[in-house]
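structure-v5.cif, holding mmCIF, C-alpha atoms and all ligand atoms:
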```
data_target
#
loop_
_atom_site.label_atom_id
_atom_site.label_comp_id
_atom_site.auth_asym_id
_atom_site.auth_seq_id
_atom_site.Cartn_x
_atom_site.Cartn_y
_atom_site.Cartn_z
CA VAL J 145 49.18 1.21 60.31
CA SER J 146 48.35 -2.01 62.12
CA ALA J 147 46.21 -4.21 59.94
CA ALA J 148 42.65 -5.02 60.84
CA ALA J 149 41.59 -8.44 62.04
CA PRO J 150 38.41 -9.97 60.63
CA ALA J 151 36.78 -9.53 64.04
CA ASP J 152 37.24 -5.75 63.79
CA TYR J 153 34.25 -5.63 61.42
CA HIS J 154 30.71 -6.88 61.87
CA THR J 155 29.96 -10.13 60.11
CA TYR J 156 26.98 -10.27 57.75
CA ASP J 157 24.93 -12.12 60.37
CA GLU J 158 25.85 -9.52 62.99
CA ALA J 159 24.83 -6.74 60.62
CA LEU J 160 21.44 -8.38 60.04
CA ALA J 161 21.02 -8.78 63.79
CA LEU J 162 21.60 -5.04 64.25
CA VAL J 163 19.00 -4.33 61.58
CA ALA J 164 16.52 -6.53 63.43
CA GLU J 165 17.36 -4.75 66.69
CA ALA J 166 16.79 -1.32 65.16
CA GLU J 167 13.48 -2.48 63.72
CA ALA J 168 12.34 -3.80 67.11
CA ALA J 169 13.45 -0.63 68.91
CA HIS J 170 11.95 1.76 66.34
CA PRO J 171 9.00 0.03 64.66
CA ASP J 172 7.60 3.40 63.59
CA LEU J 173 10.83 4.33 61.78
CA VAL J 174 12.46 1.12 60.52
CA SER J 175 11.14 -1.70 58.37
CA SER J 176 13.31 -4.31 56.70
CA GLN J 177 12.39 -6.62 53.88
CA VAL J 178 14.08 -9.49 52.11
CA ILE J 179 14.36 -8.48 48.46
CA GLY J 180 15.86 -11.75 47.23
CA GLN J 181 18.66 -14.22 47.79
CA SER J 182 22.34 -14.17 46.95
CA HIS J 183 23.85 -16.85 44.75
CA GLU J 184 24.61 -18.97 47.83
CA GLY J 185 21.13 -18.36 49.23
CA ARG J 186 21.71 -15.62 51.77
CA ASP J 187 18.96 -13.05 52.26
CA LEU J 188 19.51 -9.73 50.54
CA VAL J 189 17.90 -7.13 52.77
CA ALA J 190 16.63 -3.62 52.19
CA VAL J 191 15.94 -1.46 55.23
CA LYS J 192 13.45 1.36 54.90
CA ILE J 193 13.87 4.30 57.28
CA SER J 194 11.21 7.01 57.43
CA ALA J 195 8.64 8.45 59.77
CA ASN J 196 5.40 6.49 59.41
CA VAL J 197 7.51 3.78 57.81
CA ALA J 198 4.67 1.33 57.23
CA ALA J 199 3.02 3.66 54.72
CA ASP J 200 4.30 4.27 51.20
CA GLU J 201 3.98 8.04 51.38
CA ASP J 202 4.53 10.32 48.43
CA GLU J 203 7.98 11.43 49.54
CA PRO J 204 11.29 11.49 47.64
CA GLU J 205 13.13 8.23 48.12
CA VAL J 206 16.88 7.88 48.57
CA LEU J 207 18.91 4.67 48.19
CA PHE J 208 22.18 3.72 49.85
CA THR J 209 23.91 0.56 48.62
CA HIS J 210 26.95 -0.98 50.30
CA ASN J 211 29.48 -3.73 49.83
CA GLN J 212 29.14 -4.57 46.14
CA HIS J 213 32.81 -5.44 46.59
CA ALA J 214 33.38 -8.17 49.16
CA ARG J 215 36.53 -6.87 50.88
CA GLU J 216 35.18 -3.34 51.35
CA HIS J 217 33.93 -4.12 54.86
CA LEU J 218 34.03 -0.50 56.03
CA THR J 219 31.03 0.15 53.76
CA VAL J 220 28.85 -2.22 55.79
CA GLU J 221 29.89 -0.30 58.90
CA MET J 222 28.74 2.84 57.05
CA ALA J 223 25.27 1.35 56.62
CA LEU J 224 25.11 0.41 60.31
CA TYR J 225 26.23 3.93 61.26
CA THR J 226 23.53 5.55 59.10
CA LEU J 227 20.87 3.24 60.54
CA ASP J 228 21.95 4.01 64.10
CA GLU J 229 22.40 7.73 63.58
CA LEU J 230 19.08 8.35 61.84
CA THR J 231 17.07 6.27 64.28
CA SER J 232 18.76 7.54 67.44
CA GLN J 233 18.60 11.20 66.39
CA TYR J 234 14.99 11.23 65.19
CA GLY J 235 13.01 13.48 67.51
CA THR J 236 16.24 14.93 68.95
CA ASP J 237 18.19 16.42 66.07
CA PRO J 238 15.93 18.82 64.10
CA GLU J 239 17.67 18.19 60.77
CA VAL J 240 17.41 14.41 61.04
CA THR J 241 13.82 14.71 62.22
CA ALA J 242 12.81 16.93 59.30
CA LEU J 243 14.50 14.60 56.80
CA LEU J 244 12.88 11.43 58.14
CA ASP J 245 9.56 13.28 58.10
CA SER J 246 9.93 14.13 54.41
CA ARG J 247 12.05 11.37 52.79
CA GLU J 248 11.94 7.59 52.50
CA ILE J 249 15.37 6.04 52.81
CA TRP J 250 16.41 2.60 51.59
CA LEU J 251 19.60 1.01 52.92
CA ILE J 252 20.99 -2.18 51.44
CA PRO J 253 23.76 -2.98 53.96
CA SER J 254 25.37 -5.63 51.76
CA VAL J 255 24.79 -6.22 48.07
CA ASN J 256 27.38 -9.04 48.17
CA PRO J 257 27.00 -11.06 51.37
CA ASP J 258 28.51 -14.24 49.86
CA GLY J 259 31.67 -12.33 49.02
CA LYS J 260 31.78 -10.65 52.41
CA VAL J 261 31.41 -13.93 54.28
CA TYR J 262 34.07 -15.57 52.09
CA ASP J 263 36.49 -12.70 52.61
CA GLN J 264 35.98 -12.33 56.36
CA GLU J 265 35.14 -15.68 57.89
CA SER J 266 37.93 -18.11 56.99
CA GLY J 267 40.22 -16.82 59.74
CA SER J 268 42.09 -14.22 57.72
CA PHE J 269 41.09 -11.73 55.05
CA LEU J 270 41.33 -13.08 51.48
CA ASN J 271 41.37 -9.83 49.48
CA TRP J 272 38.23 -10.98 47.63
CA ARG J 273 36.31 -8.49 45.46
CA LYS J 274 33.70 -10.29 43.34
CA ASN J 275 30.61 -12.30 44.20
CA ARG J 276 30.89 -16.10 44.61
CA GLN J 277 29.02 -17.28 41.54
CA PRO J 278 30.68 -20.00 39.44
CA ASN J 279 31.42 -19.35 35.76
CA ALA J 280 30.52 -21.90 33.10
CA GLY J 281 33.56 -23.36 31.42
CA SER J 282 36.00 -21.91 33.93
CA SER J 283 37.29 -22.81 37.37
CA ALA J 284 37.46 -19.10 38.21
CA VAL J 285 34.76 -17.90 40.57
CA GLY J 286 32.91 -14.65 40.66
CA THR J 287 31.53 -11.65 38.81
CA ASP J 288 32.46 -8.05 39.55
CA LEU J 289 28.97 -6.84 40.36
CA ASN J 290 29.99 -3.26 39.61
CA ARG J 291 30.68 -4.20 35.99
CA ASN J 292 27.48 -6.22 35.56
CA TRP J 293 24.80 -3.50 35.34
CA ASP J 294 22.73 -3.09 32.21
CA HIS J 295 23.96 0.13 30.70
CA GLU J 296 26.66 0.09 28.01
CA TRP J 297 27.72 -3.25 29.51
CA GLY J 298 31.22 -4.14 28.38
CA CYS J 299 31.26 -1.27 25.91
CA CYS J 300 34.46 0.55 26.49
CA GLY J 301 37.36 -1.35 27.96
CA GLY J 302 36.21 -0.64 31.51
CA SER J 303 35.72 -4.30 32.44
CA SER J 304 37.03 -7.75 31.53
CA GLY J 305 35.52 -10.65 29.62
CA SER J 306 37.78 -13.14 31.41
CA PRO J 307 36.23 -14.98 34.36
CA GLY J 308 39.56 -14.97 36.16
CA SER J 309 39.75 -11.18 36.16
CA ASP J 310 38.84 -9.13 39.21
CA THR J 311 36.75 -6.93 36.91
CA TYR J 312 34.94 -9.77 35.12
CA ARG J 313 31.69 -8.34 33.82
CA GLY J 314 29.72 -11.59 33.89
CA SER J 315 28.19 -13.51 30.99
CA ALA J 316 25.47 -10.91 30.36
CA PRO J 317 24.08 -7.76 31.98
CA GLU J 318 22.49 -8.70 35.33
CA SER J 319 23.89 -12.24 35.11
CA GLY J 320 25.10 -11.70 38.66
CA THR J 321 22.43 -13.00 41.01
CA GLU J 322 22.78 -10.02 43.32
CA THR J 323 22.86 -7.45 40.51
CA ALA J 324 19.54 -8.79 39.25
CA VAL J 325 17.94 -8.74 42.72
CA VAL J 326 18.97 -5.15 43.41
CA ALA J 327 18.06 -3.98 39.89
CA ASP J 328 14.62 -5.56 40.27
CA PHE J 329 14.22 -3.85 43.64
CA VAL J 330 15.09 -0.47 42.12
CA ARG J 331 12.75 -1.03 39.16
CA GLY J 332 10.08 -1.92 41.71
CA ARG J 333 10.25 1.63 43.04
CA VAL J 334 8.72 2.89 39.78
CA ILE J 335 5.17 3.81 40.75
CA GLY J 336 2.67 5.27 38.32
CA GLY J 337 5.44 5.40 35.75
CA GLU J 338 7.72 7.46 38.01
CA GLN J 339 10.89 6.27 39.70
CA GLN J 340 10.48 7.27 43.34
CA ILE J 341 14.21 7.09 44.11
CA THR J 342 15.81 10.37 43.14
CA ALA J 343 19.29 10.06 44.65
CA HIS J 344 21.72 7.30 45.54
CA ILE J 345 25.14 6.64 47.00
CA ASP J 346 26.96 3.36 46.35
CA PHE J 347 29.60 3.00 49.08
CA HIS J 348 33.04 1.57 48.28
CA THR J 349 36.56 1.76 49.64
CA TYR J 350 39.10 3.20 49.24
CA ALA J 351 40.58 6.53 48.03
CA GLU J 352 38.35 9.21 49.62
CA LEU J 353 36.46 10.19 46.47
CA VAL J 354 32.99 11.34 45.47
CA LEU J 355 32.31 10.11 41.92
CA TRP J 356 29.47 10.58 39.43
CA PRO J 357 28.54 9.31 35.92
CA TYR J 358 29.33 8.53 33.32
CA GLY J 359 32.07 6.04 34.01
CA TYR J 360 32.13 4.61 30.49
CA THR J 361 33.23 7.84 28.80
CA TYR J 362 35.55 10.71 29.58
CA ASP J 363 32.93 13.12 28.22
CA ALA J 364 31.14 15.18 30.86
CA THR J 365 27.88 14.84 28.96
CA GLY J 366 26.48 12.02 26.86
CA PRO J 367 23.27 10.27 25.81
CA GLY J 368 20.74 11.02 28.53
CA LEU J 369 23.16 13.23 30.47
CA THR J 370 22.75 16.88 29.56
CA GLU J 371 24.78 19.89 30.60
CA ASP J 372 22.21 20.68 33.30
CA ASP J 373 22.38 17.10 34.57
CA ALA J 374 26.18 17.27 34.66
CA ALA J 375 26.03 20.60 36.48
CA ALA J 376 23.70 19.11 39.09
CA PHE J 377 25.92 16.06 39.56
CA GLU J 378 28.97 18.24 39.98
CA ALA J 379 27.26 20.71 42.32
CA LEU J 380 25.84 18.08 44.64
CA GLY J 381 28.97 15.93 44.46
CA THR J 382 31.11 18.92 45.34
CA ALA J 383 28.76 19.99 48.13
CA MET J 384 29.01 16.53 49.67
CA ALA J 385 32.80 16.43 49.26
CA ASP J 386 33.01 19.81 51.00
CA THR J 387 31.60 18.12 54.11
CA ASN J 388 33.89 15.08 54.25
CA GLY J 389 37.07 16.32 52.61
CA TYR J 390 36.95 13.76 49.80
CA THR J 391 37.92 14.64 46.23
CA ALA J 392 34.95 15.20 43.89
CA GLN J 393 35.23 14.18 40.25
CA GLN J 394 33.51 12.40 37.37
CA SER J 395 34.12 8.67 37.84
CA SER J 396 35.99 8.26 34.54
CA ASP J 397 38.58 10.74 35.85
CA LEU J 398 39.60 7.83 38.11
CA TYR J 399 39.46 5.25 35.32
CA ILE J 400 36.94 4.05 32.76
CA THR J 401 34.34 1.61 34.05
CA ASP J 402 31.50 0.10 32.07
CA GLY J 403 28.47 -1.62 33.56
CA SER J 404 28.71 0.27 36.86
CA ILE J 405 25.70 0.82 39.06
CA ASN J 406 26.00 4.61 38.74
CA ASP J 407 25.76 4.60 34.95
CA TRP J 408 22.75 2.27 35.02
CA ALA J 409 20.96 4.09 37.82
CA TRP J 410 21.26 7.41 36.00
CA ALA J 411 20.78 6.35 32.38
CA ASP J 412 18.12 3.70 32.94
CA GLN J 413 16.32 5.00 36.04
CA GLY J 414 17.04 8.74 36.19
CA ILE J 415 18.55 8.50 39.67
CA PHE J 416 21.30 10.93 40.69
CA SER J 417 23.74 8.18 41.55
CA PHE J 418 27.12 8.69 43.22
CA THR J 419 29.97 6.45 44.33
CA PHE J 420 31.74 7.24 47.59
CA GLU J 421 35.19 5.75 47.99
CA MET J 422 35.73 5.85 51.75
CA TYR J 423 38.85 5.85 53.91
CA PRO J 424 41.81 5.44 53.60
CA PRO J 425 43.22 7.82 50.99
CA SER J 426 45.87 5.28 49.99
CA GLN J 427 47.28 1.85 50.75
CA ALA J 428 49.33 3.41 53.55
CA GLY J 429 46.19 3.79 55.65
CA GLY J 430 45.49 0.08 55.52
CA GLY J 431 43.97 -0.26 52.06
CA PHE J 432 40.81 -2.36 52.18
CA TYR J 433 41.55 -3.34 55.78
CA PRO J 434 42.05 -0.26 57.95
CA PRO J 435 42.08 -1.02 61.68
CA GLY J 436 38.80 -1.20 63.54
CA SER J 437 39.84 1.84 65.57
CA VAL J 438 38.99 4.11 62.60
CA ILE J 439 35.46 2.80 62.01
CA ASP J 440 33.59 5.28 64.22
CA ARG J 441 35.49 8.27 62.91
CA GLU J 442 35.35 7.29 59.24
CA THR J 443 31.66 6.46 59.20
CA ALA J 444 30.63 9.58 61.16
CA ARG J 445 32.76 11.54 58.70
CA ASN J 446 30.01 10.97 56.12
CA ARG J 447 27.14 12.14 58.32
CA GLU J 448 26.83 15.56 56.73
CA ALA J 449 27.25 14.21 53.21
CA VAL J 450 24.42 11.74 53.74
CA LEU J 451 22.18 14.47 55.15
CA THR J 452 23.13 16.75 52.25
CA LEU J 453 22.05 14.12 49.71
CA LEU J 454 18.79 13.63 51.60
CA SER J 455 18.14 17.36 51.72
CA TYR J 456 18.45 17.76 47.94
CA ALA J 457 16.45 14.64 47.12
CA ASP J 458 13.35 16.69 46.31
CA CYS J 459 15.21 18.48 43.47
CA VAL J 460 18.87 17.74 42.88
CA TYR J 461 19.06 20.48 40.24
CA ARG J 462 18.62 22.98 43.09
CA ALA J 463 22.18 22.16 44.17
CA ALA J 464 23.33 23.83 40.94
CA GLY J 465 20.87 26.71 41.21
CA LEU J 466 18.79 25.26 38.37
CA GLU J 467 15.06 24.89 38.21
CA ASN J 468 13.95 21.72 36.49
O1 LIG J 501 36.17 0.08 40.26
C1 LIG J 501 35.16 0.25 40.95
O2 LIG J 501 34.14 -0.41 40.80
C2 LIG J 501 35.16 1.34 42.02
N1 LIG J 501 36.41 1.39 42.70
S1 LIG J 501 36.84 0.17 43.73
O3 LIG J 501 38.20 0.39 44.13
N2 LIG J 501 35.94 0.26 45.05
O4 LIG J 501 36.61 -1.08 43.06
C3 LIG J 501 34.96 2.68 41.34
C4 LIG J 501 33.68 2.79 40.57
C5 LIG J 501 33.53 4.15 40.05
N3 LIG J 501 33.06 4.14 38.73
C6 LIG J 501 31.79 4.46 38.49
N4 LIG J 501 31.05 4.83 39.49
N5 LIG J 501 31.36 4.41 37.28
CA CA J 502 7.39 8.55 55.54
ZN ZN J 503 34.53 -1.14 45.37
#
```
Once you've parsed the file, please lay out its structure as C-alpha cells.
Amino acid sequence: VSAAAPADYHTYDEALALVAEAEAAHPDLVSSQVIGQSHEGRDLVAVKISANVAADEDEPEVLFTHNQHAREHLTVEMALYTLDELTSQYGTDPEVTALLDSREIWLIPSVNPDGKVYDQESGSFLNWRKNRQPNAGSSAVGTDLNRNWDHEWGCCGGSSGSPGSDTYRGSAPESGTETAVVADFVRGRVIGGEQQITAHIDFHTYAELVLWPYGYTYDATGPGLTEDDAAAFEALGTAMADTNGYTAQQSSDLYITDGSINDWAWADQGIFSFTFEMYPPSQAGGGFYPPGSVIDRETARNREAVLTLLSYADCVYRAAGLEN
C-alpha cells in the first residue's frame, strides 16, 4: 500500500471551510456553533444537522465525535462525508429525509484540532496521538483525550500516569482542555433533567471494529449497565457491524481502557455510546495513514451504520426487541 501524503486529507481549516459552505448552502438544515477552544486556541465546532435546524425541537439527538486521536485523519473525512451525504440527500432520499425530519444530529468534526494540525502540517506525518497540552514537571507533551473522561478515570490499568506515555490519562479527569469542552457541551444537552442525546459514535482508526462499554472491565454488565442495557448495546452494535463488515464486540475484548468517552457517556449521561475503528483492518492497509484513494469508499462504507444508529435513536432497546 502506498502511504498517504498529508495533502491527501483535509486540513482542519479546510474542514471548517466545508462546514461553513454546507451551512451557507443549507441554512435550513445546518447550523454550526463554536463550543469552546482547544488548548492552543483553535475553535472547537459542533455542527447541528436537522430539518428546521434553528429550533430546538423535541426530537432524539445523536452525537458523532471524530479525531480524539490526532493521527486518525480518516475520521475527520468521515464527519465531512456525513455532513455532505445528509445535506445533499435531504429531500431526495426518503430515509435520510425522514431521519432529518425526526432527529437532531450533532457532529464534532475534530475533538483534537491541535493534534491534527501538529500531525499533518509540518510536511510529513508525525504519528501523533494525544492533544498538545504541556504537562507540569515534564517536557513530555500531551494527554490521551480518550483516557481523560470522568468515569472510573485511571481505575484499572487501562491508561498511564506517565506524561510521556501515548495513553497518558492527564492530571485529573477532564484536565484535557478539549475533553472538558466536549463534556460541557454534552452536559449542556440535558434539558429539563433529561439528556437529549440518546446515541453516539466516537470515530477512530484503525481495525474495523464496532465497540461498546464498558472498557474498564471485562464484565459484560456492571454498575449502571444492566443485562438489558448490554443486550441493547450488542444488538445495535451488531446491526451496525452487519452493514459495514466490521467486527462487533465489547471494547474491553480489544483491551482494557479506563477514562474513555464511551464509558463516561454511558455511565454518566445514559447515552448509548459506541466506538468505530475505521479502515484499515491492519497495518498492512496503511495503518493510520491509508492512501487518499480509499477515503470515498471507506467513509461511504459507514453510511448505513450511521443511518441505523439514527433510526434507533428514539429507543435503542428496540434493537434488542426490548421495551423500555
Ligand atoms: O485506545 C483507544 O482509545 C481506541 N483505539 S485507538 O487505536 N483508536 O487508539 C479504542 C477505544 C475503545 N475503548 C473504549 N471505547 N472503551
Ligand atoms: Ca429538527
Ligand atoms: Zn483512536
With all atoms listed in the file counted and 12 Å as the cut-off, give the residues of chain J in contact with ligand CA 502 (chain J), each with its shortest interatomic distance in Å and the pair that gives it, as JSON lines.
```
{"residue": "J:Asp172", "atom": "CA", "partner": "J:CA502", "partner_atom": "CA", "distance": 9.6}
{"residue": "J:Leu173", "atom": "CA", "partner": "J:CA502", "partner_atom": "CA", "distance": 8.3}
{"residue": "J:Val174", "atom": "CA", "partner": "J:CA502", "partner_atom": "CA", "distance": 10.3}
{"residue": "J:Ser175", "atom": "CA", "partner": "J:CA502", "partner_atom": "CA", "distance": 11.3}
{"residue": "J:Lys192", "atom": "CA", "partner": "J:CA502", "partner_atom": "CA", "distance": 9.4}
{"residue": "J:Ile193", "atom": "CA", "partner": "J:CA502", "partner_atom": "CA", "distance": 7.9}
{"residue": "J:Ser194", "atom": "CA", "partner": "J:CA502", "partner_atom": "CA", "distance": 4.5}
{"residue": "J:Ala195", "atom": "CA", "partner": "J:CA502", "partner_atom": "CA", "distance": 4.4}
{"residue": "J:Asn196", "atom": "CA", "partner": "J:CA502", "partner_atom": "CA", "distance": 4.8}
{"residue": "J:Val197", "atom": "CA", "partner": "J:CA502", "partner_atom": "CA", "distance": 5.3}
{"residue": "J:Ala198", "atom": "CA", "partner": "J:CA502", "partner_atom": "CA", "distance": 7.9}
{"residue": "J:Ala199", "atom": "CA", "partner": "J:CA502", "partner_atom": "CA", "distance": 6.6}
{"residue": "J:Asp200", "atom": "CA", "partner": "J:CA502", "partner_atom": "CA", "distance": 6.8}
{"residue": "J:Glu201", "atom": "CA", "partner": "J:CA502", "partner_atom": "CA", "distance": 5.4}
{"residue": "J:Asp202", "atom": "CA", "partner": "J:CA502", "partner_atom": "CA", "distance": 7.9}
{"residue": "J:Glu203", "atom": "CA", "partner": "J:CA502", "partner_atom": "CA", "distance": 6.7}
{"residue": "J:Pro204", "atom": "CA", "partner": "J:CA502", "partner_atom": "CA", "distance": 9.3}
{"residue": "J:Glu205", "atom": "CA", "partner": "J:CA502", "partner_atom": "CA", "distance": 9.4}
{"residue": "J:Val206", "atom": "CA", "partner": "J:CA502", "partner_atom": "CA", "distance": 11.8}
{"residue": "J:Thr241", "atom": "CA", "partner": "J:CA502", "partner_atom": "CA", "distance": 11.1}
{"residue": "J:Ala242", "atom": "CA", "partner": "J:CA502", "partner_atom": "CA", "distance": 10.7}
{"residue": "J:Leu243", "atom": "CA", "partner": "J:CA502", "partner_atom": "CA", "distance": 9.4}
{"residue": "J:Leu244", "atom": "CA", "partner": "J:CA502", "partner_atom": "CA", "distance": 6.7}
{"residue": "J:Asp245", "atom": "CA", "partner": "J:CA502", "partner_atom": "CA", "distance": 5.8}
{"residue": "J:Ser246", "atom": "CA", "partner": "J:CA502", "partner_atom": "CA", "distance": 6.2}
{"residue": "J:Arg247", "atom": "CA", "partner": "J:CA502", "partner_atom": "CA", "distance": 6.1}
{"residue": "J:Glu248", "atom": "CA", "partner": "J:CA502", "partner_atom": "CA", "distance": 5.6}
{"residue": "J:Ile249", "atom": "CA", "partner": "J:CA502", "partner_atom": "CA", "distance": 8.8}
{"residue": "J:Trp250", "atom": "CA", "partner": "J:CA502", "partner_atom": "CA", "distance": 11.5}
```
| message | Here is a test: counting all atoms listed in the file, which residue of J:Gly180, J:Gly368, J:Pro425, J:Pro257 is nearest to ligand LIG 501 (chain J)? | response | J:Pro425
Per residue of chain J within 6 Å of ligand LIG 501 (chain J), note the shortest atom pair and the distance in Å to one decimal, counting only C-alpha atoms and all ligand atoms, and order the rows by chain and increasing residue number, as CSV.
```
residue,atom,partner,partner_atom,distance
J:Asn290,CA,J:LIG501,O2,5.2
J:His348,CA,J:LIG501,N2,4.5
J:Thr349,CA,J:LIG501,N2,4.9
J:Tyr350,CA,J:LIG501,O3,5.9
J:Leu355,CA,J:LIG501,N4,5.9
J:Trp356,CA,J:LIG501,N4,6.0
J:Pro357,CA,J:LIG501,N5,5.8
J:Gly359,CA,J:LIG501,N5,3.7
J:Ser395,CA,J:LIG501,N3,4.7
J:Thr401,CA,J:LIG501,N5,5.2
J:Ser404,CA,J:LIG501,N5,4.9
J:Asn406,CA,J:LIG501,N4,5.1
J:Thr419,CA,J:LIG501,N4,5.2
```
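Excluding Gln393 in chain J and any residue on its chain fewer than 4 positions from it, the residues at most 10 Å away by all atoms listed in the file are Leu353, Val354, Leu355, Trp356, Pro357, Phe377, Glu378, Gly381, Thr382, Ala385, Asp397 and Leu398 of chain J.
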| In terms of the shortest atom-to-atom distance over only C-alpha atoms, which of J:Ser232, J:Tyr423, J:Gln264, J:Gln212 is closest to Pro435 in chain J? |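 Residue with the minimum atom-to-atom distance to Pro435 in chain J: J:Tyr423.
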